[in-house]
Structure formats: structure tokens, C-alpha cells
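**Q** Dropping in start.cif, which is mmCIF, C-alpha atoms:
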data_data
loop_
_atom_site.label_atom_id
_atom_site.label_comp_id
_atom_site.auth_asym_id
_atom_site.auth_seq_id
_atom_site.Cartn_x
_atom_site.Cartn_y
_atom_site.Cartn_z
CA MET A 43 28.97 40.48 -12.49
CA ASN A 44 30.63 41.49 -9.25
CA VAL A 45 33.80 43.50 -9.94
CA HIS A 46 35.50 42.03 -6.86
CA HIS A 47 34.87 38.54 -8.24
CA LEU A 48 36.55 39.62 -11.48
CA GLU A 49 39.54 40.86 -9.51
CA LEU A 50 39.86 37.52 -7.73
CA PHE A 51 39.63 35.68 -11.04
CA TYR A 52 42.39 37.95 -12.44
CA TYR A 53 44.79 36.87 -9.68
CA VAL A 54 43.81 33.19 -9.99
CA ALA A 55 44.39 33.24 -13.76
CA ARG A 56 47.59 35.26 -13.45
CA HIS A 57 49.13 32.96 -10.83
CA ARG A 58 47.74 29.73 -12.29
CA GLY A 59 45.71 28.52 -9.35
CA ILE A 60 43.73 29.55 -6.29
CA SER A 61 46.33 28.65 -3.66
CA CYS A 62 49.12 30.51 -5.52
CA ALA A 63 46.82 33.52 -5.96
CA VAL A 64 46.00 33.65 -2.25
CA ARG A 65 49.71 33.82 -1.37
CA ARG A 66 50.29 36.74 -3.78
CA MET A 67 47.18 38.83 -3.22
CA PRO A 68 47.91 42.45 -2.28
CA TYR A 69 45.47 42.03 0.62
CA GLY A 70 44.57 39.16 2.95
CA ILE A 71 41.87 36.69 1.94
CA GLN A 72 41.33 33.01 2.74
CA GLN A 73 41.38 30.30 0.10
CA PRO A 74 37.81 29.06 0.79
CA ALA A 75 36.52 32.61 0.28
CA VAL A 76 38.27 32.87 -3.07
CA SER A 77 36.94 29.46 -4.16
CA SER A 78 33.40 30.41 -3.15
CA GLN A 79 33.45 33.77 -4.93
CA ILE A 80 35.00 32.33 -8.09
CA SER A 81 32.26 29.68 -8.14
CA GLN A 82 29.68 32.46 -7.81
CA LEU A 83 31.27 34.26 -10.77
CA GLU A 84 31.04 31.08 -12.85
CA ARG A 85 27.37 30.71 -11.91
CA ASP A 86 26.71 34.35 -12.88
CA LEU A 87 28.40 33.79 -16.25
CA GLY A 88 26.93 30.37 -16.79
CA THR A 89 30.24 28.81 -17.75
CA ARG A 90 33.33 27.19 -16.26
CA LEU A 91 36.36 29.49 -16.30
CA PHE A 92 39.15 27.03 -15.54
CA GLU A 93 39.97 23.41 -14.74
CA ARG A 94 41.17 23.02 -11.16
CA ASN A 95 43.71 20.18 -11.23
CA PRO A 96 45.85 20.61 -13.17
CA PHE A 97 45.10 24.27 -13.65
CA ARG A 98 44.03 25.25 -17.17
CA LEU A 99 41.92 28.16 -18.36
CA THR A 100 38.94 27.19 -20.47
CA ARG A 101 38.26 29.11 -23.66
CA PRO A 102 35.74 31.43 -21.89
CA GLY A 103 38.28 31.83 -19.07
CA GLU A 104 41.01 32.87 -21.50
CA GLU A 105 38.67 35.38 -23.16
CA LEU A 106 37.63 36.90 -19.83
CA PHE A 107 41.24 37.07 -18.59
CA GLU A 108 42.39 38.87 -21.75
CA PHE A 109 39.53 41.35 -21.29
CA ILE A 110 40.21 42.23 -17.62
CA ARG A 111 44.02 41.91 -17.56
CA PRO A 112 44.83 45.42 -18.92
CA PHE A 113 42.70 47.03 -16.20
CA PHE A 114 43.80 45.08 -13.12
CA GLY A 115 47.39 44.68 -14.36
CA ASN A 116 47.93 48.43 -14.60
CA LEU A 117 46.30 49.60 -11.37
CA GLU A 118 49.62 50.20 -9.57
CA ALA A 119 51.05 52.10 -12.52
CA ILE A 120 48.04 54.39 -12.83
CA LYS A 121 48.04 54.92 -9.06
CA ALA A 122 51.65 56.12 -9.28
CA ARG A 123 50.87 58.47 -12.17
CA LEU A 124 47.81 59.99 -10.51
CA GLY A 125 49.38 60.46 -7.07
CA ARG A 126 50.43 63.84 -5.77
CA SER A 127 54.09 62.82 -5.84
CA PRO A 128 54.47 60.33 -8.66
CA ALA A 129 57.00 57.67 -7.73
CA PRO A 130 58.93 55.55 -10.20
CA VAL A 131 57.69 52.00 -10.59
CA LEU A 132 59.85 49.01 -11.49
CA ARG A 133 58.42 45.50 -11.83
CA ILE A 134 60.98 42.68 -11.89
CA GLY A 135 60.27 39.03 -12.49
CA ALA A 136 62.99 36.53 -11.66
CA ALA A 137 63.70 32.87 -11.15
CA GLU A 138 63.62 31.85 -7.50
CA LEU A 139 67.41 31.42 -7.44
CA MET A 140 67.92 35.04 -8.49
CA LEU A 141 65.27 36.41 -6.14
CA ARG A 142 66.79 34.76 -3.10
CA ASP A 143 70.54 34.81 -3.68
CA TYR A 144 71.35 37.68 -6.02
CA LEU A 145 68.58 40.27 -6.14
CA PRO A 146 68.58 41.42 -2.47
CA PRO A 147 71.82 43.49 -2.81
CA MET A 148 70.45 45.10 -5.96
CA VAL A 149 67.15 45.86 -4.23
CA GLN A 150 69.05 47.56 -1.40
CA TRP A 151 70.94 49.62 -3.96
CA LEU A 152 67.70 50.64 -5.67
CA ARG A 153 66.11 51.65 -2.36
CA ALA A 154 69.13 53.73 -1.40
CA ARG A 155 69.14 55.38 -4.82
CA ASP A 156 65.45 56.34 -4.66
CA PRO A 157 63.51 55.75 -1.40
CA LEU A 158 60.25 56.55 -3.23
CA LEU A 159 60.73 53.77 -5.75
CA GLN A 160 57.79 51.36 -5.93
CA LEU A 161 59.40 47.99 -6.51
CA SER A 162 57.46 44.84 -7.40
CA LEU A 163 59.21 41.45 -7.33
CA ARG A 164 57.62 38.38 -8.86
CA SER A 165 58.94 34.81 -9.06
CA GLY A 166 58.15 32.26 -11.71
CA PHE A 167 59.40 29.87 -14.33
CA THR A 168 60.98 31.23 -17.51
CA ALA A 169 57.94 30.71 -19.76
CA GLU A 170 55.65 32.43 -17.23
CA LEU A 171 57.89 35.48 -16.94
CA GLU A 172 58.39 35.75 -20.69
CA ALA A 173 54.59 35.81 -21.05
CA ALA A 174 54.39 38.47 -18.31
CA LEU A 175 56.88 40.61 -20.24
CA ARG A 176 54.87 40.35 -23.43
CA SER A 177 51.65 41.29 -21.61
CA ARG A 178 53.53 44.18 -19.89
CA GLU A 179 52.84 42.88 -16.40
CA ILE A 180 56.57 43.22 -15.59
CA ASP A 181 59.37 45.43 -16.92
CA LEU A 182 62.41 43.15 -16.59
CA ALA A 183 62.88 39.40 -16.22
CA ILE A 184 66.05 37.76 -14.87
CA VAL A 185 65.72 34.12 -15.85
CA PRO A 186 67.50 31.04 -17.16
CA GLN A 187 67.98 31.09 -20.92
CA ASP A 188 69.13 28.74 -23.65
CA GLY A 189 71.42 31.16 -25.47
CA ARG A 190 69.03 33.02 -27.76
CA ALA A 191 66.58 35.88 -27.29
CA PRO A 192 62.90 34.84 -27.28
CA THR A 193 60.82 36.21 -30.13
CA GLY A 194 59.92 39.85 -29.54
CA LEU A 195 62.18 40.29 -26.51
CA HIS A 196 65.67 41.70 -25.96
CA ARG A 197 68.31 39.84 -24.02
CA VAL A 198 71.60 40.48 -22.21
CA PRO A 199 73.43 37.49 -20.62
CA LEU A 200 74.63 37.87 -17.03
CA LEU A 201 76.37 34.63 -16.05
CA ALA A 202 76.34 30.86 -16.52
CA ILE A 203 75.98 28.45 -13.59
CA PRO A 204 77.21 24.83 -13.82
CA LEU A 205 74.80 21.96 -13.30
CA VAL A 206 75.23 19.38 -10.54
CA LEU A 207 73.65 16.05 -9.69
CA LEU A 208 72.37 15.69 -6.12
CA VAL A 209 72.61 12.28 -4.47
CA PRO A 210 72.02 11.08 -0.90
CA LYS A 211 75.12 11.44 1.24
CA LYS A 212 75.14 7.67 1.86
CA SER A 213 74.96 6.83 -1.85
CA PRO A 214 77.90 4.71 -3.10
CA VAL A 215 78.03 6.77 -6.31
CA ARG A 216 81.08 9.06 -6.27
CA SER A 217 80.87 10.57 -9.75
CA ALA A 218 78.21 11.06 -12.39
CA ASP A 219 80.37 9.12 -14.86
CA GLU A 220 79.62 5.98 -12.85
CA LEU A 221 75.96 6.38 -13.80
CA TRP A 222 76.66 6.97 -17.49
CA ALA A 223 78.66 3.71 -17.59
CA ARG A 224 75.69 1.65 -16.41
CA ASP A 225 73.51 -0.30 -18.83
CA ARG A 226 70.46 0.96 -16.97
CA ILE A 227 69.92 3.78 -14.46
CA GLU A 228 67.29 2.50 -12.08
CA VAL A 229 67.31 5.45 -9.70
CA PRO A 230 64.40 7.87 -10.34
CA LEU A 231 65.40 11.26 -11.72
CA ILE A 232 64.08 14.39 -9.98
CA SER A 233 64.06 17.62 -11.97
CA LEU A 234 62.09 20.74 -12.81
CA PRO A 235 59.34 20.44 -15.46
CA GLU A 236 60.73 19.23 -18.78
CA ASN A 237 60.14 22.56 -20.57
CA GLU A 238 62.35 24.44 -18.09
CA ILE A 239 65.87 25.45 -19.16
CA LEU A 240 67.58 23.40 -16.43
CA SER A 241 65.87 20.20 -17.56
CA ARG A 242 66.50 20.93 -21.23
CA VAL A 243 70.22 21.60 -20.68
CA PHE A 244 70.54 18.40 -18.64
CA LYS A 245 68.72 16.34 -21.28
CA LYS A 246 71.02 17.78 -23.94
CA GLY A 247 74.04 16.61 -21.93
CA LEU A 248 72.53 13.14 -21.52
CA LYS A 249 71.85 12.92 -25.24
CA ARG A 250 75.51 13.64 -26.02
CA ARG A 251 76.36 10.59 -23.89
CA TRP A 252 73.65 8.39 -25.44
CA VAL A 253 72.02 8.12 -22.01
CA ASP A 254 68.26 7.80 -21.61
CA TRP A 255 67.12 8.85 -18.13
CA PRO A 256 63.57 10.23 -18.16
CA CYS A 257 62.35 12.41 -15.33
CA ALA A 258 60.31 10.44 -12.81
CA ILE A 259 59.47 13.25 -10.35
CA GLU A 260 58.85 16.85 -11.38
CA ALA A 261 59.63 19.39 -8.65
CA SER A 262 57.84 22.71 -8.66
CA SER A 263 60.93 24.58 -7.42
CA LEU A 264 64.68 24.14 -7.06
CA ASP A 265 64.31 24.32 -3.28
CA LEU A 266 62.33 21.07 -3.24
CA ILE A 267 64.89 18.99 -5.14
CA PRO A 268 67.45 18.60 -2.28
CA GLN A 269 64.61 17.73 0.09
CA TYR A 270 63.26 15.07 -2.26
CA VAL A 271 66.76 13.61 -2.62
CA ALA A 272 67.26 13.62 1.17
CA ASN A 273 63.94 11.80 1.56
CA GLY A 274 65.17 9.03 -0.73
CA TYR A 275 62.95 9.73 -3.72
CA GLY A 276 65.81 9.66 -6.26
CA TYR A 277 68.72 11.71 -7.63
CA GLY A 278 68.12 15.36 -8.50
CA VAL A 279 69.38 17.85 -11.07
CA SER A 280 70.23 21.31 -9.75
CA VAL A 281 72.76 24.12 -10.18
CA ASP A 282 75.99 24.77 -8.32
CA ALA A 283 74.68 27.41 -5.90
CA ALA A 284 75.77 26.84 -2.28
CA ASN A 285 72.64 28.32 -0.67
CA LEU A 286 70.47 26.14 -2.84
CA ILE A 287 71.97 22.68 -2.42
CA GLN A 288 73.13 22.73 1.20
CA HIS A 289 71.56 19.79 3.03
CA ALA A 290 73.03 17.54 5.71
CA LYS A 291 71.86 14.39 3.90
CA VAL A 292 72.79 15.37 0.34
CA ARG A 293 75.99 15.49 -1.74
CA SER A 294 76.49 17.24 -5.08
CA LEU A 295 78.35 15.64 -7.97
CA PRO A 296 79.82 17.85 -10.73
CA LEU A 297 78.37 17.23 -14.18
CA ALA A 298 81.62 17.44 -16.12
CA GLY A 299 81.15 18.32 -19.77
CA PHE A 300 77.52 19.43 -19.40
CA ASP A 301 76.62 22.91 -20.61
CA PRO A 302 75.96 25.43 -17.81
CA MET A 303 72.61 27.12 -17.26
CA GLU A 304 72.77 30.69 -18.49
CA ILE A 305 71.08 33.54 -16.61
CA ALA A 306 70.02 36.53 -18.71
CA VAL A 307 68.05 39.77 -18.41
CA LEU A 308 65.04 40.09 -20.75
CA TRP A 309 62.86 43.06 -21.63
CA GLN A 310 60.42 44.22 -24.26
CA GLY A 311 60.68 47.44 -26.26
CA ARG A 312 63.06 50.21 -25.26
CA LEU A 313 64.88 50.36 -21.94
CA THR A 314 63.82 53.23 -19.70
CA PRO A 315 66.56 55.09 -17.78
CA LEU A 316 65.54 53.23 -14.61
CA MET A 317 65.71 49.85 -16.38
CA GLN A 318 69.12 50.77 -17.78
CA GLU A 319 70.35 51.52 -14.27
CA ILE A 320 69.20 48.20 -12.82
CA LEU A 321 70.72 46.35 -15.78
CA ALA A 322 74.04 48.13 -15.23
CA GLU A 323 73.84 47.38 -11.49
CA ALA A 324 73.19 43.68 -12.18
CA GLN A 325 76.23 43.54 -14.46
CA ARG A 326 78.34 45.38 -11.88
CA PHE A 327 77.23 42.96 -9.15
CA VAL A 328 78.22 39.94 -11.24
CA ARG A 329 81.56 41.56 -12.12
CA GLU A 330 82.49 42.74 -8.61
CA HIS A 331 81.61 39.42 -7.00
CA ASP A 332 83.54 37.51 -9.71
CA LEU A 333 80.50 35.31 -10.23
CA ARG A 334 81.27 34.59 -13.85
CA LYS A 335 84.92 33.65 -13.12
CA ARG A 336 83.90 31.63 -10.07
CA PHE A 337 81.44 29.50 -12.00
CA GLU A 338 83.74 29.18 -15.02
CA ALA A 339 86.48 27.86 -12.72
CA ARG A 340 84.13 25.21 -11.32
CA ASP A 341 83.15 24.15 -14.82
CA ALA A 342 86.64 24.10 -16.33
CA THR A 343 86.53 20.37 -17.18
CA PRO A 344 86.99 19.88 -20.96
CA ARG A 345 83.86 18.96 -22.88
CA ILE A 346 83.64 15.28 -23.78
CA ARG A 347 83.00 13.92 -27.22
CA PRO A 348 80.18 11.41 -27.56
CA GLY A 349 81.29 7.84 -28.02
CA PRO A 350 79.61 5.10 -30.05
CA ARG A 351 75.88 5.06 -29.72
CA ARG A 352 74.52 2.58 -27.20
CA PRO A 353 70.99 1.22 -26.90
CA ALA A 354 68.64 3.44 -24.90
CA ARG A 355 68.53 2.67 -21.21
CA PRO A 356 65.05 3.54 -19.97
CA ALA A 357 64.52 4.18 -16.28
CA PRO A 358 61.41 2.94 -14.51
CA PRO A 359 59.03 5.67 -13.33
CA LEU A 360 59.89 4.97 -9.71
CA ALA A 361 62.30 2.61 -8.03
CA ALA A 362 64.14 2.24 -4.75
CA ILE A 363 67.60 3.70 -4.55
#
What is this structure when it is put down as C-alpha cells?
**A**
Amino acid sequence: MNVHHLELFYYVARHRGISCAVRRMPYGIQQPAVSSQISQLERDLGTRLFERNPFRLTRPGEELFEFIRPFFGNLEAIKARLGRSPAPVLRIGAAELMLRDYLPPMVQWLRARDPLLQLSLRSGFTAELEAALRSREIDLAIVPQDGRAPTGLHRVPLLAIPLVLLVPKKSPVRSADELWARDRIEVPLISLPENEILSRVFKKGLKRRWVDWPCAIEASSLDLIPQYVANGYGYGVSVDAANLIQHAKVRSLPLAGFDPMEIAVLWQGRLTPLMQEILAEAQRFVREHDLRKRFEARDATPRIRPGPRRPARPAPPLAAI
């Protein structure tokens, strides 16, 4: 086996696909080259390592990934330890919302505190980052949570962000309650994958209202949802973050009475002094910017009590708005 081929397979398996791996490689390489060398690795091994679309590791692929992950996953850490001037290393995984809107000030603070700090930032869905924590690929995860610590991990809540429903600016709908009053919601629902916290919290709110509105279009990121809504694909579920939902062709409707989406910091084992400092800085940032109070004020509408149960109102998989 070619060791470089194993390294490429490590990144493909870690990032769940060739195109995602190419974007996150620590060095430049083209997608066709990765595909070709992975195919050569499979020929050398005499087995298929993963299904391409949708991505899924085969049993041999899972076994090979578990074998090589400790080596390739710890290269940066061992490099720091063996260097002449060992530098501290901190690996943070975060939801895209946190990486874009809230982490930059904290990163600046970390750089000012220690210019030698080797900082690694990684985006992903909650389940992916929880798995990365357990395999020690990252040190901290700042992700949406459902109010309880995952098995084997520690958790500290940071803030809770209200949910909103995104509709086209020209839509006649002026409040989400208008939709709940309908016998049938024919507009397609756009959301993150159903196992993500945002989708689960939204479904919980629908269930309290005896509303059945299955997701018709799964978006791979929160950034795509306003664009899909603007393009007329349906109505989208998002969170009340100004930088996220700004779009000239989209309006946001408050989801009164729905639970907010909680953001929490997760880690495994004991906090190092450096991890304690970034946790304290994250809490200070939330406190000094009044983020918790700001979001609580937006979501101050009293919770509703569910009324009499109504028949389910299924939505078609796709329909015109």
C-alpha cells in the first residue's frame, strides 16, 4: 500500500466525501487526483472502501479508517511536541453559525494571548463533532444541543437562539399561526437533516400544535436555506441570527411558543488550562454582548398549550408556493 494513498483515504473518510476532503486538505490537490489514487488503493486492497453517493464507509473501509486514524489524526500534535519551541495546540469544532458569527472575536483574543498558539477550526453538524470529540480529533465543540450532555461528554450551555420561519418576501403569510390554522400545509418545508437539533426542536414545536409538516428539502447548511426560500423552493426553518437570514427576497416570521435552539460547549475528559480559558472567554463574550438577554427578549412570547388533537395534515413532497 502507498502511504500517501492511505493519507488521502483518511481525509475522505474523516470529511465524508472526496469533494469535502479536497476543500479541507492541508495541502493543494485536485479532486480527480484524489479519486484516481483512492481507486488505486482499493485495487491494491482488493476491496471497496466506501460508497460514493451517498457517502458510506463499507465494513473494510471502517476497519481501515479506525486503524489509520490515530496516526494521521495526531500528526499536528506530535509535530508541536517534537518542535524546538513547542507551541500550544487547540482544536475547536463548531457549527457554521458559531464559526462565522461568534468565534472570530474569540480567535482574535486567543491570538493576542499567545501568538504561538496553533489553532485548528473545523465546522460540522452536531453528530459529526461529537464523534470527533470521542475520537480525540478535536478538543472542544461549540454546537447546538437538546438540553442534555451526550454520553461520555461534558457540557456547559452558552445561549439559546429562537427559531424563525423564512418565507418569500412576497408571500401573503404574515404569521406562522396562519399556517398552523390550515387543514393542510401545501408549501414544501426546507430544513437541515432531520437528525439535527434545529429540525428536532422545530418538529417538537409542530407536534405540540398537532401539525404534520414533513421536510421536503434537506439543506446541507443554514446558509443555503434563505437562498432556497428566495428561489421559491418552499418555506425554511432557521434561527434568529441577522447575518444568517438577511436576504432581499426573504422575510422571517417568529415562531412564538417554539423552544429555542441551545448552543453549548462540549468536551471529553478533563479541561486543560487552555480549554478552561477559551470556555471562560466564550462565556464572557456571551455575557458582555448581552446575547442571552437579547435572544430571550425576542422569544418572550408565552408558550402555548396544545389544543384538541386534529387529524394529521401531510404535506406533499414538493408543491408550488
**Q** Could you tell me which residues the PyMOL selection byres ((chain A and resi 272) around 8) returns for this structure, as a PyMOL selection string?
**A** chain A and resi 209-210+268-271+273-275+289+291-292
**Q** Write a file of the selected residues as a PDB file, in the coordinates of the input, keeping C-alpha atoms.
**A**
ATOM      1  CA  VAL A 209      72.610  12.280  -4.470  1.00  0.00           C
ATOM      2  CA  PRO A 210      72.020  11.080  -0.900  1.00  0.00           C
ATOM      3  CA  PRO A 268      67.450  18.600  -2.280  1.00  0.00           C
ATOM      4  CA  GLN A 269      64.610  17.730   0.090  1.00  0.00           C
ATOM      5  CA  TYR A 270      63.260  15.070  -2.260  1.00  0.00           C
ATOM      6  CA  VAL A 271      66.760  13.610  -2.620  1.00  0.00           C
ATOM      7  CA  ASN A 273      63.940  11.800   1.560  1.00  0.00           C
ATOM      8  CA  GLY A 274      65.170   9.030  -0.730  1.00  0.00           C
ATOM      9  CA  TYR A 275      62.950   9.730  -3.720  1.00  0.00           C
ATOM     10  CA  HIS A 289      71.560  19.790   3.030  1.00  0.00           C
ATOM     11  CA  LYS A 291      71.860  14.390   3.900  1.00  0.00           C
ATOM     12  CA  VAL A 292      72.790  15.370   0.340  1.00  0.00           C
TER      13      VAL A 292
END
**Q** Starting from the PyMOL selection byres ((chain A and resi 50-54) around 10), expand the selection into actual residues of this file and give them as a tab-separated table (two decimals) with C-alpha atoms, in the frame of the given file.
**A**
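Output saved as expr-v9.tsv:
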chain	number	residue	atom	x	y	z
A	45	VAL	CA	33.80	43.50	-9.94
A	46	HIS	CA	35.50	42.03	-6.86
A	47	HIS	CA	34.87	38.54	-8.24
A	48	LEU	CA	36.55	39.62	-11.48
A	49	GLU	CA	39.54	40.86	-9.51
A	55	ALA	CA	44.39	33.24	-13.76
A	56	ARG	CA	47.59	35.26	-13.45
A	57	HIS	CA	49.13	32.96	-10.83
A	58	ARG	CA	47.74	29.73	-12.29
A	59	GLY	CA	45.71	28.52	-9.35
A	60	ILE	CA	43.73	29.55	-6.29
A	61	SER	CA	46.33	28.65	-3.66
A	62	CYS	CA	49.12	30.51	-5.52
A	63	ALA	CA	46.82	33.52	-5.96
A	64	VAL	CA	46.00	33.65	-2.25
A	66	ARG	CA	50.29	36.74	-3.78
A	67	MET	CA	47.18	38.83	-3.22
A	68	PRO	CA	47.91	42.45	-2.28
A	71	ILE	CA	41.87	36.69	1.94
A	75	ALA	CA	36.52	32.61	0.28
A	76	VAL	CA	38.27	32.87	-3.07
A	77	SER	CA	36.94	29.46	-4.16
A	79	GLN	CA	33.45	33.77	-4.93
A	80	ILE	CA	35.00	32.33	-8.09
A	81	SER	CA	32.26	29.68	-8.14
A	83	LEU	CA	31.27	34.26	-10.77
A	84	GLU	CA	31.04	31.08	-12.85
A	91	LEU	CA	36.36	29.49	-16.30
A	92	PHE	CA	39.15	27.03	-15.54
A	97	PHE	CA	45.10	24.27	-13.65
A	99	LEU	CA	41.92	28.16	-18.36
A	103	GLY	CA	38.28	31.83	-19.07
A	106	LEU	CA	37.63	36.90	-19.83
A	107	PHE	CA	41.24	37.07	-18.59
A	108	GLU	CA	42.39	38.87	-21.75
A	109	PHE	CA	39.53	41.35	-21.29
A	110	ILE	CA	40.21	42.23	-17.62
A	111	ARG	CA	44.02	41.91	-17.56
A	113	PHE	CA	42.70	47.03	-16.20
A	114	PHE	CA	43.80	45.08	-13.12
A	115	GLY	CA	47.39	44.68	-14.36
**Q** Pick the closest to Arg197 of chain A from A:Glu260, A:Asp86, A:Glu172, A:Glu118: which is it, counting only C-alpha atoms?
**A** A:Glu172
**Q** With the file shown as input, list the residues that the PyMOL selection byres ((chain A and resi 235-238) around 8) selects, as an MDAnalysis selection string.
**A** chainID A and resid 167:169 233:234 239:242 257 260:262
**Q** Atoms to include: C-alpha atoms. Write the selected residues as a compact mmCIF listing (two decimals), in the frame of the given file.
**A**
# COMPACT_ATOMS: atom_id res chain seq x y z
CA PHE A 167 59.40 29.87 -14.33
CA THR A 168 60.98 31.23 -17.51
CA ALA A 169 57.94 30.71 -19.76
CA SER A 233 64.06 17.62 -11.97
CA LEU A 234 62.09 20.74 -12.81
CA ILE A 239 65.87 25.45 -19.16
CA LEU A 240 67.58 23.40 -16.43
CA SER A 241 65.87 20.20 -17.56
CA ARG A 242 66.50 20.93 -21.23
CA CYS A 257 62.35 12.41 -15.33
CA GLU A 260 58.85 16.85 -11.38
CA ALA A 261 59.63 19.39 -8.65
CA SER A 262 57.84 22.71 -8.66
**Q** Would you please work out which residue, of A:Glu323, A:Met317, A:Trp252, A:Met303, is nearest to Pro130 of chain A when using all atoms listed in the file?
**A** A:Met317
**Q** For a quick check of understanding, using all atoms listed in the file, which of A:Ile203, A:Ile320, A:Ile227, A:Val185 has the smallest distance to Leu152 of chain A?
**A**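 Checking each of A:Ile203, A:Ile320, A:Ile227, A:Val185 against Leu152 of chain A, counting all atoms listed in the file, the winner is A:Ile320.
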**Q** State, in Å with one decimal place, the distance from atom CA of Glu179 of chain A to atom CA of Ala136 of chain A.
**A**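 About the pair atom CA of Glu179 of chain A and atom CA of Ala136 of chain A: they are 12.9 Å apart.
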**Q** Within 9 Å of segment 295-301 of chain A, which residues of segment 197-284 of chain A come that close, and what is the closest atom pair and distance in Å for each? Count all atoms listed in the file and give it as JSON lines.
**A**
{"residue": "A:Ala202", "atom": "CA", "partner": "A:Asp301", "partner_atom": "CA", "distance": 8.9}
{"residue": "A:Ile203", "atom": "CA", "partner": "A:Asp301", "partner_atom": "CA", "distance": 9.0}
{"residue": "A:Pro204", "atom": "CA", "partner": "A:Asp301", "partner_atom": "CA", "distance": 7.1}
{"residue": "A:Leu205", "atom": "CA", "partner": "A:Leu297", "partner_atom": "CA", "distance": 6.0}
{"residue": "A:Val206", "atom": "CA", "partner": "A:Pro296", "partner_atom": "CA", "distance": 4.8}
{"residue": "A:Leu207", "atom": "CA", "partner": "A:Leu295", "partner_atom": "CA", "distance": 5.0}
{"residue": "A:Leu208", "atom": "CA", "partner": "A:Leu295", "partner_atom": "CA", "distance": 6.3}
{"residue": "A:Val209", "atom": "CA", "partner": "A:Leu295", "partner_atom": "CA", "distance": 7.5}
{"residue": "A:Arg216", "atom": "CA", "partner": "A:Leu295", "partner_atom": "CA", "distance": 7.3}
{"residue": "A:Ser217", "atom": "CA", "partner": "A:Leu295", "partner_atom": "CA", "distance": 5.9}
{"residue": "A:Ala218", "atom": "CA", "partner": "A:Leu295", "partner_atom": "CA", "distance": 6.4}
{"residue": "A:Asp219", "atom": "CA", "partner": "A:Leu297", "partner_atom": "CA", "distance": 8.4}
{"residue": "A:Val243", "atom": "CA", "partner": "A:Asp301", "partner_atom": "CA", "distance": 6.5}
{"residue": "A:Phe244", "atom": "CA", "partner": "A:Phe300", "partner_atom": "CA", "distance": 7.1}
{"residue": "A:Lys246", "atom": "CA", "partner": "A:Phe300", "partner_atom": "CA", "distance": 8.1}
{"residue": "A:Gly247", "atom": "CA", "partner": "A:Phe300", "partner_atom": "CA", "distance": 5.1}
{"residue": "A:Leu248", "atom": "CA", "partner": "A:Phe300", "partner_atom": "CA", "distance": 8.3}
{"residue": "A:Asp282", "atom": "CA", "partner": "A:Pro296", "partner_atom": "CA", "distance": 8.3}
**Q** In Å, rounded to a single decimal, give me how far atom CA of Asp265 of chain A is from atom CA of Pro74 of chain A.
**A** 27.2 Å
**Q** Between atom CA of Ser177 of chain A and atom CA of Met140 of chain A, what distance in Å does the model show, to one decimal?
**A**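 Answer for the atom CA of Ser177 of chain A to atom CA of Met140 of chain A separation: 21.8 Å.
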**Q** Which residue gives the smallest distance to Val198 of chain A among A:Gln72, A:Ser263, A:Ser165, A:Gln310, with only C-alpha atoms counted?
**A**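 Among the listed residues, A:Gln310 lies closest to Val198 of chain A.
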**Q** From the list A:Val131, A:Pro157, A:Glu104, A:Gln82, which residue is nearest Asn44 of chain A when using all atoms listed in the file?
**A**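 Checking each of A:Val131, A:Pro157, A:Glu104, A:Gln82 against Asn44 of chain A, counting all atoms listed in the file, the winner is A:Gln82.
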**Q** Identify which of the residues A:Leu321, A:Arg155, A:Leu231, A:Leu308 lies closest to Gly189 of chain A, counting only C-alpha atoms when measuring atom-to-atom distances.
**A**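 Once distances to Gly189 of chain A are computed over only C-alpha atoms, the minimum belongs to A:Leu308.
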**Q** Might you pull out every residue within 12 Å of Gln318 of chain A, with all atoms listed in the file counted and same-chain residues fewer than 2 positions away left off, and present them as a PyMOL selection string?
**A** chain A and resi 132+181-182+198+307-309+312-316+320-325
